[in-house]
Amino acid sequence: MTDATERRRERRARHTGASTPAPIRQITYDLPVYELLNAEGEQRLHDASMRILAEFGIDFYDEEVRDILRQHGAEVRGETVFFDEELITKYISMAPRQFTQLARNPEHNVVIGGNQIVFAPVYGPPFVQSLEGGRREATLKDFQNFVKLAYLSPYIHHSGGTIVEPTDEPVSTRHLDMLYSHIKYSDKAFMGSVTSGPNAADSVAMAEIVFGADRIRETPALLSLINVSSPRRYDDRMLSAIKVYARARQALIITPFILAGAMSPTSIAGTLAQLNAEALAGIALCQMIEPGTPVVYGSFLSTIDLQSGSPTFGTPESQIGLYLSAQMARRYGLPFRGGGMFSSSKIPDAQAAYESVMVMQPTMLARTNFVLHAAGWLENGLIAGYEKFVLDCEILGMLHTWAKGVDLSDEALAFDAVAEVPPGGHYLGTAHTMRHFRDAFYRAELFDYHSDEQWRINGAHDSYTRAAAKVKQLLDNYTPPALDPAIDEALVDFMTRRRAAIALEPHDF
Amino acid sequence: MDFSDLSDEDLWLQMQDDLYDGLKDEIIEETKEALKRGYSATDVLANGLVAGMDIVGADFRDGILFVPEVLMAANAMKAGMEILRPLLVETGAERIGKMVIGTVKGDIHDIGKNLVAMMMEGAGFEVINLGINNDAEKFLNAIQEHQPDIIGMSALLTTTMPYMKVVIQALKDEELRDDVYVMVGGAPVTENFAQQIGADAYGRDAAVAVEIAKAHMASRRVAKA
């Protein structure tokens, strides 16, 4: 495309206000990786985890799973399963070091692992928050709005999963609405349902409709989030979902969910030893069910306020924990999930910004391969914030630029520009500047760079207010990506049949 | 441990201090000592245990005491109460309150609920903790077996939260709804949700839950009088 047509396109876009998403550019992180432990320290943590697995074990609330573990050599006593180091090492080594996840738009396929970084939206909040609407229960409409916002951001590489919990839809069929919304309103990769085995099977069936059954067995189309109910416990619904996904060769993130102090020791080392043991046990299980199952080593780790008992985010201890868990995942050759734009704040204020960035910086430096909760997180994950989402995307944009590292080419060393400008001159008109000014520096759209006077003339808005306007503009001008009508029809047909079948099943509510 | 050389007044103060420091064995001995001196169970409760826990509660609220300290204090309180409770029943004293508490069906998250149970015990309530994953029948059976004043239900997941309404409906079906005060809580639960499902109260945190439970028991005593 020539400069002229590029400009014409931009001009037209400005006039029509069309929100056509720029294609994503997944981050390839070749900068130094920040590690806190030397080899000896790493070994010490590993040994502690092995001791936990061998002496204390992990509970698995599913009989079939315990049988699988027993048949593969683990020792089962009641609901508790014990592993020795040899067994753990044998099975975790079967997991791929990295894998590709399919997206509806092949340009949006993502690579998980290695030196790749993927950003995905917040996951799980039952509430939403906005400047105009305050805090309220999340609905399916909100869910779809966040899918659209994620689709429209070039800095969000993945559509995520339960971006918000659509509390206006029945629990028994919610998963269908969420999956369909990801497929319909975005063309980025998405996550499957983990709330039960049958819901996981529905997720696989819908992915098969979109991508083809053979194709997804070869390359996964679903990446689903398994939480360990720490301390040392896998519950029945997560295990039934693991079985379905592993057998269908779909990717899994095995994440101990730990608020240290309550769910793990108050020390970082003790917490990490437990987290590592929990994650490895689940990852080994996936490989026992189906060797080669793509799996991500997850770490959801923060702390509680031991005075009040409330969860706390953005704490220095959680940052150290993030570095350590990423280092352990690398030790085992596994893709790593962790971090995010975490905060305990209820609105996108200074606390929200500081806490979020305090976690996000280590998330990058630790080279986190899959960053769930990269945008929208507020109030310990109870809220998805509309304005917070677009503000977080602004930071993610900056991180994209930062992660590129340093270009040391002749063009970047810019001798021609230095030659062109005499001492005391300026660079604003050099040929080099003319070649690069448009994208030389990251330009934040939501941060104000005006003079005080100009800022006042413009209405003296803060970033929260500007973000609210941005959300409105994005949603008002959203146009959905194309979806093959035959696939759409097949999905709708599948959901109609499933809704009818689910309606006949026994329900508590 | 010998507290016999303390004056009565000093014994009460010692009990309050030892509760504050979470010294369970001391509280047991001091409770016995006070009873030995002829004080009624009601007196020991009021002058020693409740007075002590009031200070613990205030200092927790004001950010001086930490959760693990309150846990220790509550354990000490519970130990004292175990000695006093049969005596209180014997004398026909109005009970502080009895609560059945559990996480509802499908949900295995119970750290918050256990914090509430601990704080309730710290306030002198007798707590029957049903643990995790409780269906309506378990709540109904516990109500018939233990005759509680209050039932408390908790959920962390939005997908299990609606089950609280199922339990409330079961209480209505069994004509037990008017016999118990229903309190609900958990991270995704709101006041609005509590009203919608027909609960009596929503406790946004453990300290508030205890305040609500105490207020309910007090108003019930007034109503009875």
# chains A, B, ... in the order shown; residues from 1 in each chain; ligands from 1
call {"tool": "residues_around", "arguments": {"residues": "range 159-172 of chain B", "least_positions_apart": "6", "cutoff": "8 Å", "atoms": "only C-alpha atoms", "output": "PyMOL selection string"}}
result
(chain A and resi 171+508-509) or (chain B and resi 104-107+135-136+139-140+153+184+188-189+197-199)
call {"tool": "write_last_selection", "arguments": {"atoms": "N, CA and C atoms", "output": "short mmCIF file (atom, residue, chain, number, x, y, z; two decimals), in the first residue's frame"}}
result
data_model
loop_
_atom_site.label_atom_id
_atom_site.label_comp_id
_atom_site.auth_asym_id
_atom_site.auth_seq_id
_atom_site.Cartn_x
_atom_site.Cartn_y
_atom_site.Cartn_z
N VAL A 171 -27.37 -20.54 34.62
CA VAL A 171 -26.05 -21.15 34.83
C VAL A 171 -25.85 -22.35 33.91
N ASP A 508 -30.77 -28.00 39.83
CA ASP A 508 -31.11 -27.41 41.11
C ASP A 508 -31.78 -26.06 40.92
N PHE A 509 -31.35 -25.35 39.86
CA PHE A 509 -31.90 -24.01 39.63
C PHE A 509 -31.79 -23.67 38.17
N VAL B 104 -22.37 -23.89 50.03
CA VAL B 104 -23.45 -24.61 49.35
C VAL B 104 -22.93 -25.58 48.29
N LYS B 105 -23.83 -26.43 47.86
CA LYS B 105 -23.55 -27.50 46.89
C LYS B 105 -22.78 -27.00 45.67
N GLY B 106 -21.78 -27.77 45.27
CA GLY B 106 -21.01 -27.45 44.08
C GLY B 106 -19.81 -26.57 44.37
N ASP B 107 -19.75 -26.06 45.58
CA ASP B 107 -18.68 -25.11 45.90
C ASP B 107 -17.81 -25.67 47.02
N ASP B 135 -25.67 -29.84 50.20
CA ASP B 135 -26.96 -29.71 49.53
C ASP B 135 -28.02 -29.32 50.57
N ALA B 136 -29.25 -29.07 50.07
CA ALA B 136 -30.33 -28.59 50.95
C ALA B 136 -30.59 -29.60 52.07
N PHE B 139 -28.39 -29.18 55.04
CA PHE B 139 -28.81 -28.04 55.87
C PHE B 139 -30.06 -28.41 56.68
N LEU B 140 -31.03 -29.06 56.03
CA LEU B 140 -32.27 -29.43 56.72
C LEU B 140 -31.99 -30.39 57.88
N MET B 153 -25.01 -19.40 54.89
CA MET B 153 -24.60 -20.07 53.65
C MET B 153 -23.60 -19.20 52.92
N VAL B 184 -26.44 -14.89 54.42
CA VAL B 184 -25.64 -15.34 53.28
C VAL B 184 -24.42 -14.45 53.10
N PRO B 188 -18.99 -12.98 45.61
CA PRO B 188 -19.89 -12.43 44.58
C PRO B 188 -21.28 -12.06 45.11
N VAL B 189 -21.55 -12.36 46.39
CA VAL B 189 -22.88 -12.12 46.95
C VAL B 189 -23.06 -10.63 47.27
N ILE B 197 -33.28 -13.57 46.87
CA ILE B 197 -33.50 -14.99 47.16
C ILE B 197 -34.25 -15.19 48.47
N GLY B 198 -34.59 -14.09 49.15
CA GLY B 198 -35.37 -14.21 50.38
C GLY B 198 -34.57 -14.56 51.62
N ALA B 199 -33.28 -14.19 51.62
CA ALA B 199 -32.48 -14.35 52.84
C ALA B 199 -32.83 -13.23 53.81
#
call {"tool": "residues_around", "arguments": {"residues": "Met77 in chain B", "least_positions_apart": "6", "cutoff": "10 Å", "atoms": "only C-alpha atoms", "output": "list of chain:residue names"}}
result
B:Met15, B:Asp18, B:Leu19, B:Tyr20, B:Gly22, B:Leu23, B:Lys24, B:Ile27, B:Ile28, B:Leu45, B:Gly48, B:Leu49, B:Val50, B:Gly52, B:Met53, B:Leu71, B:Glu121, B:Gly122, B:Ala123, B:Gly124, B:Phe125
call {"tool": "atom_distance", "arguments": {"atom1": "CA of Glu63 in chain A", "atom2": "CA of Glu290 in chain A"}}
result
17.6 Å
call {"tool": "closest_residue", "arguments": {"among": "A:Ala329, A:Tyr34, A:Glu55, A:His108", "to": "Thr363 in chain A", "atoms": "only C-alpha atoms"}}
result
A:Tyr34
call {"tool": "closest_atom_pairs", "arguments": {"of": "chain B", "to": "chain A", "cutoff": "8 Å", "atoms": "only C-alpha atoms", "output": "tab-separated table"}}
result
residue	atom	partner	partner_atom	distance
B:Phe60	CA	A:Gln307	CA	7.6
B:Gly63	CA	A:Gln307	CA	6.4
B:Ile64	CA	A:Gln307	CA	7.7
B:Leu65	CA	A:Gln307	CA	6.5
B:Phe66	CA	A:Gln307	CA	3.9
B:Val67	CA	A:Gln307	CA	5.4
B:Pro68	CA	A:Leu306	CA	7.4
B:Ile108	CA	A:Asp235	CA	7.6
B:His109	CA	A:Ser229	CA	7.6
B:Ile111	CA	A:Ala262	CA	7.5
B:Thr158	CA	A:Pro126	CA	6.8
B:Thr159	CA	A:Val171	CA	5.8
B:Pro162	CA	A:Phe509	CA	6.8
B:Tyr163	CA	A:Phe509	CA	6.8
B:Val166	CA	A:Asp508	CA	6.8
B:Ala187	CA	A:Leu382	CA	7.6
B:Pro188	CA	A:Pro126	CA	6.5
call {"tool": "write_last_selection", "arguments": {"atoms": "N, CA and C atoms", "output": "CSV table (one decimal), in the first residue's frame"}}
result
chain,number,residue,atom,x,y,z
B,60,PHE,N,-9.5,-5.4,66.5
B,60,PHE,CA,-9.5,-6.0,65.2
B,60,PHE,C,-10.0,-5.0,64.2
B,63,GLY,N,-7.8,-2.2,63.4
B,63,GLY,CA,-6.6,-2.5,62.6
B,63,GLY,C,-5.4,-2.7,63.5
B,64,ILE,N,-5.6,-3.0,64.8
B,64,ILE,CA,-4.5,-3.3,65.7
B,64,ILE,C,-4.2,-4.8,65.8
B,65,LEU,N,-5.2,-5.6,65.9
B,65,LEU,CA,-5.0,-7.0,65.9
B,65,LEU,C,-5.1,-7.6,64.5
B,66,PHE,N,-4.3,-8.7,64.3
B,66,PHE,CA,-4.3,-9.3,63.0
B,66,PHE,C,-5.2,-10.6,63.0
B,67,VAL,N,-5.6,-11.1,61.8
B,67,VAL,CA,-6.5,-12.2,61.8
B,67,VAL,C,-5.9,-13.4,62.6
B,68,PRO,N,-4.7,-13.8,62.5
B,68,PRO,CA,-4.2,-15.0,63.2
B,68,PRO,C,-4.4,-14.8,64.7
B,108,ILE,N,-16.5,-25.6,46.8
B,108,ILE,CA,-15.6,-26.2,47.8
B,108,ILE,C,-14.7,-25.1,48.4
B,109,HIS,N,-15.1,-23.9,48.2
B,109,HIS,CA,-14.3,-22.8,48.7
B,109,HIS,C,-14.8,-22.4,50.1
B,111,ILE,N,-12.6,-20.8,52.9
B,111,ILE,CA,-11.7,-20.1,53.8
B,111,ILE,C,-12.5,-18.9,54.4
B,158,THR,N,-20.1,-17.7,41.2
B,158,THR,CA,-21.4,-17.2,40.7
B,158,THR,C,-22.3,-18.4,40.2
B,159,THR,N,-21.6,-19.5,39.8
B,159,THR,CA,-22.4,-20.6,39.3
B,159,THR,C,-23.0,-21.5,40.5
B,162,PRO,N,-26.6,-19.4,43.2
B,162,PRO,CA,-28.1,-19.5,43.1
B,162,PRO,C,-28.6,-20.7,43.9
B,163,TYR,N,-27.7,-21.6,44.3
B,163,TYR,CA,-28.2,-22.7,45.1
B,163,TYR,C,-28.7,-22.3,46.5
B,166,VAL,N,-32.2,-22.3,46.5
B,166,VAL,CA,-32.8,-23.7,46.6
B,166,VAL,C,-32.9,-24.1,48.1
B,187,ALA,N,-17.8,-13.7,48.2
B,187,ALA,CA,-17.3,-12.6,47.4
B,187,ALA,C,-18.3,-12.1,46.4
B,188,PRO,N,-19.0,-13.0,45.6
B,188,PRO,CA,-19.9,-12.4,44.6
B,188,PRO,C,-21.3,-12.1,45.1
call {"tool": "closest_residue", "arguments": {"among": "A:Ile457, A:Met50, A:Ile24, A:Met328", "to": "Ala277 in chain A", "atoms": "only C-alpha atoms"}}
result
A:Met50
call {"tool": "residues_around", "arguments": {"residues": "range 208-211 of chain A", "least_positions_apart": "4", "cutoff": "10 Å", "atoms": "only C-alpha atoms", "output": "number ranges by chain"}}
result
A: 102-104, 183, 202-204, 215-217, 219-221, 483-484, 486-488, 490-491, 494
call {"tool": "write_last_selection", "arguments": {"atoms": "C-alpha atoms", "output": "PDB file, in the first residue's frame"}}
result
ATOM      1  CA  LEU A 102      -5.892 -21.660  16.345  1.00  0.00           C
ATOM      2  CA  ALA A 103      -7.951 -18.522  15.914  1.00  0.00           C
ATOM      3  CA  ARG A 104     -10.869 -18.050  13.526  1.00  0.00           C
ATOM      4  CA  ILE A 183     -16.872 -16.829  17.916  1.00  0.00           C
ATOM      5  CA  ASP A 202     -19.893 -28.601  24.435  1.00  0.00           C
ATOM      6  CA  SER A 203     -16.879 -26.299  24.052  1.00  0.00           C
ATOM      7  CA  VAL A 204     -15.020 -28.948  22.077  1.00  0.00           C
ATOM      8  CA  ARG A 215      -7.846 -29.986  12.524  1.00  0.00           C
ATOM      9  CA  ILE A 216      -8.236 -29.245  16.223  1.00  0.00           C
ATOM     10  CA  ARG A 217      -6.846 -32.638  17.203  1.00  0.00           C
ATOM     11  CA  THR A 219      -3.569 -27.983  16.565  1.00  0.00           C
ATOM     12  CA  PRO A 220      -5.654 -26.990  19.579  1.00  0.00           C
ATOM     13  CA  ALA A 221      -8.424 -24.421  19.181  1.00  0.00           C
ATOM     14  CA  LEU A 483     -18.436 -15.400   9.961  1.00  0.00           C
ATOM     15  CA  ASP A 484     -19.299 -18.072   7.408  1.00  0.00           C
ATOM     16  CA  ALA A 486     -23.044 -22.050   7.290  1.00  0.00           C
ATOM     17  CA  ILE A 487     -20.850 -22.214  10.411  1.00  0.00           C
ATOM     18  CA  ASP A 488     -23.032 -19.666  12.174  1.00  0.00           C
ATOM     19  CA  ALA A 490     -24.470 -24.933  12.529  1.00  0.00           C
ATOM     20  CA  LEU A 491     -23.495 -23.273  15.827  1.00  0.00           C
ATOM     21  CA  PHE A 494     -26.060 -27.037  17.979  1.00  0.00           C
TER      22      PHE A 494
END
call {"tool": "decode", "arguments": {"residues": "range 377-393 of chain A", "atoms": "all heavy atoms", "output": "CSV table (one decimal), in the first residue's frame"}}
result
chain,number,residue,atom,x,y,z
A,377,TRP,N,-9.1,-5.7,34.8
A,377,TRP,CA,-9.2,-6.2,36.2
A,377,TRP,C,-9.3,-5.1,37.2
A,377,TRP,O,-8.5,-4.1,37.2
A,377,TRP,CB,-8.0,-7.1,36.5
A,377,TRP,CG,-7.8,-7.5,37.9
A,377,TRP,CD1,-7.5,-6.8,39.0
A,377,TRP,CD2,-7.9,-8.9,38.4
A,377,TRP,NE1,-7.4,-7.6,40.1
A,377,TRP,CE2,-7.7,-8.9,39.8
A,377,TRP,CE3,-8.2,-10.1,37.7
A,377,TRP,CZ2,-7.7,-10.1,40.5
A,377,TRP,CZ3,-8.2,-11.3,38.5
A,377,TRP,CH2,-8.0,-11.2,39.9
A,378,LEU,N,-10.4,-5.2,38.1
A,378,LEU,CA,-10.5,-4.3,39.3
A,378,LEU,C,-11.0,-5.1,40.5
A,378,LEU,O,-11.5,-6.2,40.3
A,378,LEU,CB,-11.5,-3.2,39.0
A,378,LEU,CG,-11.0,-2.0,38.1
A,378,LEU,CD1,-12.2,-1.1,37.8
A,378,LEU,CD2,-10.0,-1.2,38.8
A,379,GLU,N,-10.9,-4.5,41.6
A,379,GLU,CA,-11.5,-5.0,42.9
A,379,GLU,C,-11.2,-6.5,43.1
A,379,GLU,O,-12.1,-7.4,43.2
A,379,GLU,CB,-13.0,-4.8,43.0
A,379,GLU,CG,-13.5,-4.9,44.4
A,379,GLU,CD,-15.0,-5.0,44.6
A,379,GLU,OE1,-15.7,-4.7,43.6
A,379,GLU,OE2,-15.4,-5.5,45.6
A,380,ASN,N,-10.0,-6.9,43.1
A,380,ASN,CA,-9.5,-8.3,43.3
A,380,ASN,C,-10.2,-9.3,42.3
A,380,ASN,O,-10.3,-10.5,42.6
A,380,ASN,CB,-9.9,-8.7,44.8
A,380,ASN,CG,-9.4,-7.7,45.8
A,380,ASN,OD1,-8.4,-7.2,45.7
A,380,ASN,ND2,-10.2,-7.5,46.8
A,381,GLY,N,-10.5,-8.8,41.2
A,381,GLY,CA,-11.1,-9.7,40.2
A,381,GLY,C,-12.6,-9.8,40.2
A,381,GLY,O,-13.2,-10.5,39.5
A,382,LEU,N,-13.2,-9.1,41.1
A,382,LEU,CA,-14.7,-9.1,41.2
A,382,LEU,C,-15.3,-8.2,40.1
A,382,LEU,O,-16.5,-8.4,39.8
A,382,LEU,CB,-15.2,-8.6,42.6
A,382,LEU,CG,-15.1,-9.6,43.7
A,382,LEU,CD1,-15.5,-9.0,45.0
A,382,LEU,CD2,-15.9,-10.8,43.5
A,383,ILE,N,-14.5,-7.2,39.6
A,383,ILE,CA,-15.0,-6.3,38.6
A,383,ILE,C,-14.2,-6.3,37.3
A,383,ILE,O,-13.0,-6.4,37.4
A,383,ILE,CB,-15.0,-4.8,39.2
A,383,ILE,CG1,-15.9,-4.6,40.4
A,383,ILE,CG2,-15.3,-3.8,38.1
A,383,ILE,CD1,-15.8,-3.2,41.0
A,384,ALA,N,-15.0,-6.3,36.2
A,384,ALA,CA,-14.4,-5.9,34.9
A,384,ALA,C,-14.7,-4.5,34.7
A,384,ALA,O,-15.9,-4.1,34.6
A,384,ALA,CB,-14.9,-6.8,33.8
A,385,GLY,N,-13.7,-3.6,34.6
A,385,GLY,CA,-14.0,-2.2,34.4
A,385,GLY,C,-13.9,-1.8,32.9
A,385,GLY,O,-12.9,-2.2,32.3
A,386,TYR,N,-14.9,-1.1,32.5
A,386,TYR,CA,-14.9,-0.7,31.0
A,386,TYR,C,-13.7,0.2,30.8
A,386,TYR,O,-12.9,0.0,29.9
A,386,TYR,CB,-16.2,0.0,30.7
A,386,TYR,CG,-17.3,-1.0,30.3
A,386,TYR,CD1,-18.2,-1.4,31.2
A,386,TYR,CD2,-17.3,-1.5,28.9
A,386,TYR,CE1,-19.2,-2.3,30.8
A,386,TYR,CE2,-18.3,-2.3,28.5
A,386,TYR,CZ,-19.3,-2.8,29.5
A,386,TYR,OH,-20.2,-3.6,29.1
A,387,GLU,N,-13.6,1.3,31.6
A,387,GLU,CA,-12.6,2.3,31.4
A,387,GLU,C,-11.2,1.7,31.7
A,387,GLU,O,-10.2,1.9,31.0
A,387,GLU,CB,-12.8,3.5,32.2
A,387,GLU,CG,-14.0,4.4,31.7
A,387,GLU,CD,-15.3,3.9,32.2
A,387,GLU,OE1,-15.4,3.0,33.0
A,387,GLU,OE2,-16.3,4.5,31.8
A,388,LYS,N,-11.2,0.8,32.8
A,388,LYS,CA,-9.9,0.2,33.1
A,388,LYS,C,-9.4,-0.6,31.9
A,388,LYS,O,-8.2,-0.7,31.7
A,388,LYS,CB,-10.2,-0.7,34.4
A,388,LYS,CG,-9.0,-1.6,34.8
A,388,LYS,CD,-7.8,-0.7,35.4
A,388,LYS,CE,-6.8,-1.5,36.2
A,388,LYS,NZ,-6.4,-2.8,35.8
A,389,PHE,N,-10.3,-1.3,31.2
A,389,PHE,CA,-9.9,-2.1,30.1
A,389,PHE,C,-9.2,-1.3,29.1
A,389,PHE,O,-8.1,-1.7,28.6
A,389,PHE,CB,-11.2,-2.8,29.5
A,389,PHE,CG,-10.9,-3.9,28.5
A,389,PHE,CD1,-10.9,-5.2,28.9
A,389,PHE,CD2,-10.5,-3.6,27.2
A,389,PHE,CE1,-10.6,-6.2,28.0
A,389,PHE,CE2,-10.2,-4.6,26.3
A,389,PHE,CZ,-10.3,-5.9,26.7
A,390,VAL,N,-9.7,-0.2,28.6
A,390,VAL,CA,-9.0,0.6,27.6
A,390,VAL,C,-7.8,1.3,28.1
A,390,VAL,O,-6.8,1.4,27.4
A,390,VAL,CB,-10.0,1.6,26.8
A,390,VAL,CG1,-11.1,0.8,26.1
A,390,VAL,CG2,-10.6,2.6,27.8
A,391,LEU,N,-7.8,1.6,29.4
A,391,LEU,CA,-6.6,2.2,30.0
A,391,LEU,C,-5.5,1.2,30.0
A,391,LEU,O,-4.3,1.5,29.7
A,391,LEU,CB,-6.9,2.8,31.4
A,391,LEU,CG,-7.6,4.1,31.4
A,391,LEU,CD1,-8.2,4.4,32.8
A,391,LEU,CD2,-6.8,5.3,30.9
A,392,ASP,N,-5.8,0.0,30.4
A,392,ASP,CA,-4.8,-1.1,30.4
A,392,ASP,C,-4.3,-1.4,29.0
A,392,ASP,O,-3.1,-1.6,28.9
A,392,ASP,CB,-5.5,-2.4,31.0
A,392,ASP,CG,-5.7,-2.4,32.5
A,392,ASP,OD1,-5.0,-1.5,33.2
A,392,ASP,OD2,-6.4,-3.2,33.0
A,393,CYS,N,-5.2,-1.3,28.0
A,393,CYS,CA,-4.7,-1.5,26.7
A,393,CYS,C,-3.6,-0.5,26.3
A,393,CYS,O,-2.7,-0.8,25.5
A,393,CYS,CB,-5.9,-1.5,25.7
A,393,CYS,SG,-6.9,-3.0,25.8
